[in-house]
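*Asks:* Got a structure here, written out as structure tokens. Questions coming.
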Amino acid sequence: MEMDNFSFSVKKTFTVIIVSLFGGLTISAVFLGRSPDTARIGRLYLERGFELENISNTVFGVYGMFRFYDTLLELMIFSTAVLGITIFSDLEPSTRTRGEQMIESHVVTASASFLYPIMAVFGLYLAFSAHLGPGGGFAAGVIGGSGILFLALSKGAEEMGRRFNEHTMKRVEYIALVFAMLAMVLGILFPKLIFEDLQGIGVIIVVNMAIGLKVFIGTWAILHFFVKHRGEV
Amino acid sequence: MSNFAATITIIIVVVGAIGLILKKNLLMKLLSLSIVNTATILFFVLVVYRPGDRAPIGPETVSQYADPLPQALVLTSIVINFGVLALSLLFTMVLVKRYHTLDLGKIEKFVKEEFEEEKS
């Protein structure tokens, strides 16, 4: 037993040493490397970003135009997480019986009903205007999903689960995902047809709306799962 | 000065990584993972920070703008962190429902016992 403890502490020390060594190497690389003032990684993107006529938000230009695969695979990772949670949610329904809902404070219940429309409109605005200013599909979806979570905390998760029918939501989510991916892949295959002939704008807004819808439903699915199962186990 | 700030973020990454490896509690592991991710985002922000930069929106000359690439990368990283954290919390819930403990050593012992029972 003592021997076992000893070997474990050796393992611990070894781990600390290795990880600290990695940290020290990174720190020395930061100090010895070029100064951050001269090393501008994205200068090329900045210069090329201004060639896109209709996109004044260069950050959106980078992840929506030049690094399209990033966004595509990011969407796939997010969908995988949502898929895992929906599968588990179907396998093991909540053990909580009805009427056992936790009671929220009056501040939450009173403010949710008039704050939710503002949040929804803000999310829509971010999805529509991502190419002009700060925003994007992901941010829009997460804001909308958090708004619905807010509403669910005030009205009860079961009530909201009934109002947003799960099967319909799932179908809409898949349609949005397929639509967004189709538009993106078509954009990769025929960049001229889609991004130049339509001036980019129409397709960008539609793709952003589809991503926003997808992320909105996915965020709601994840948050709904954790709200439904809170206090269990 | 941003070099020293970047050093602090790397120290935070090291602390998070040590916690991720050495902690036995599953929730503590996830917390450490979250710390590592947040410190990485902070590192990105600090490395490209230059006083006087503006957000890269609108028609001005290139030299006045902040670097857009790290901003796009951080955006990706935040979404992926959200997905990974949600899915691993779900798996933690599955394990806790089955074994009623968060301790990884105990869970390993239970799994080993179950495996030997099945074999015999």
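Residue numbering restarts at 1 for every chain of the structure tokens, chains are lettered A, B, ... in their displayed order, and ligands are numbered from 1 as they appear.
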Taking only C-alpha atoms into account and nothing else, which residues of chain A lie no more than 6 Å away from chain B? Please answer as a VMD selection string.

*Replies:* chain A and resid 23 27 42 56 to 59 63 78 81 233

*Asks:* Per residue of range 124-175 of chain A within 12 Å of range 88-94 of chain A, note the shortest atom pair and the distance in Å to one decimal, counting only C-alpha atoms, and order the rows by chain and increasing residue number, as a tab-separated table.

*Replies:*
```
residue	atom	partner	partner_atom	distance
A:Ala157	CA	A:Ser94	CA	11.3
A:Glu158	CA	A:Ser94	CA	10.4
A:Glu166	CA	A:Asp90	CA	10.5
A:His167	CA	A:Asp90	CA	11.2
```

*Asks:* Taking the backbone alone, and naming residues the way the document does, which bits of chain B are helix (DSSP H, G or I) by DSSP, as a PyMOL selection string?

*Replies:* chain B and resi 2-22+26-48+62-64+68-99+104-119

*Asks:* Taking 5 positions as the minimum chain separation for residues in the same chain, which residues sit within 12 Å of Ile175 in chain A when counting only C-alpha atoms? Answer as a list in words.

*Replies:*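 Using only C-alpha atoms, the neighbours found are Thr168, Met169, Lys170, Ala180, Met181, Leu182, Ala210, Ile211, Leu213, Lys214 and Ile217 of chain A.
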
*Asks:* Could you state the separation of CA of Gly161 in chain A and CA of Ile222 in chain A in Å, given to one decimal place?

*Replies:* 12.3 Å

*Asks:* Measure the distance from CA of Gly212 in chain A to CA of Val178 in chain A in Å and round it to one decimal.

*Replies:* 13.1 Å

*Asks:* Mind checking DSSP for range 16-92 of chain B and telling me the strand (DSSP E or B) residues as a compact mmCIF listing (two decimals) with N, CA and C atoms, in the first residue's frame?

*Replies:*
```txt
# COMPACT_ATOMS: atom_id res chain seq x y z
N ASN B 25 -12.15 14.19 -9.27
CA ASN B 25 -13.57 14.49 -9.41
C ASN B 25 -13.89 14.88 -10.86
N ARG B 54 -8.94 49.71 -34.02
CA ARG B 54 -10.40 49.81 -34.10
C ARG B 54 -10.95 48.48 -34.60
N ILE B 57 -14.46 47.13 -39.05
CA ILE B 57 -15.74 47.35 -39.73
C ILE B 57 -15.73 48.75 -40.32
N TYR B 65 -6.81 48.99 -38.31
CA TYR B 65 -7.73 47.97 -37.81
C TYR B 65 -7.05 46.91 -36.98
```

*Asks:* Write out as a CSV table (one decimal) with C-alpha atoms, in the first residue's frame the residues lying within 6 Å of Gly218 in chain A, counting only C-alpha atoms and excluding same-chain residues fewer than 3 positions away.

*Replies:*
```csv
chain,number,residue,atom,x,y,z
A,82,VAL,CA,-27.0,18.5,-29.9
A,215,VAL,CA,-28.2,27.1,-33.4
A,221,ALA,CA,-32.5,21.6,-26.8
```

*Asks:* Would you kindly return, as a PyMOL selection string, each protein, DNA or RNA residue with an atom no farther than 10 Å from any atom of range 202-206 of chain A, considering only C-alpha atoms and excluding same-chain residues fewer than 3 positions away?

*Replies:* chain A and resi 55+64-65+127-131+136-137+179-180+183-184+187+194-195+198-199+209-212
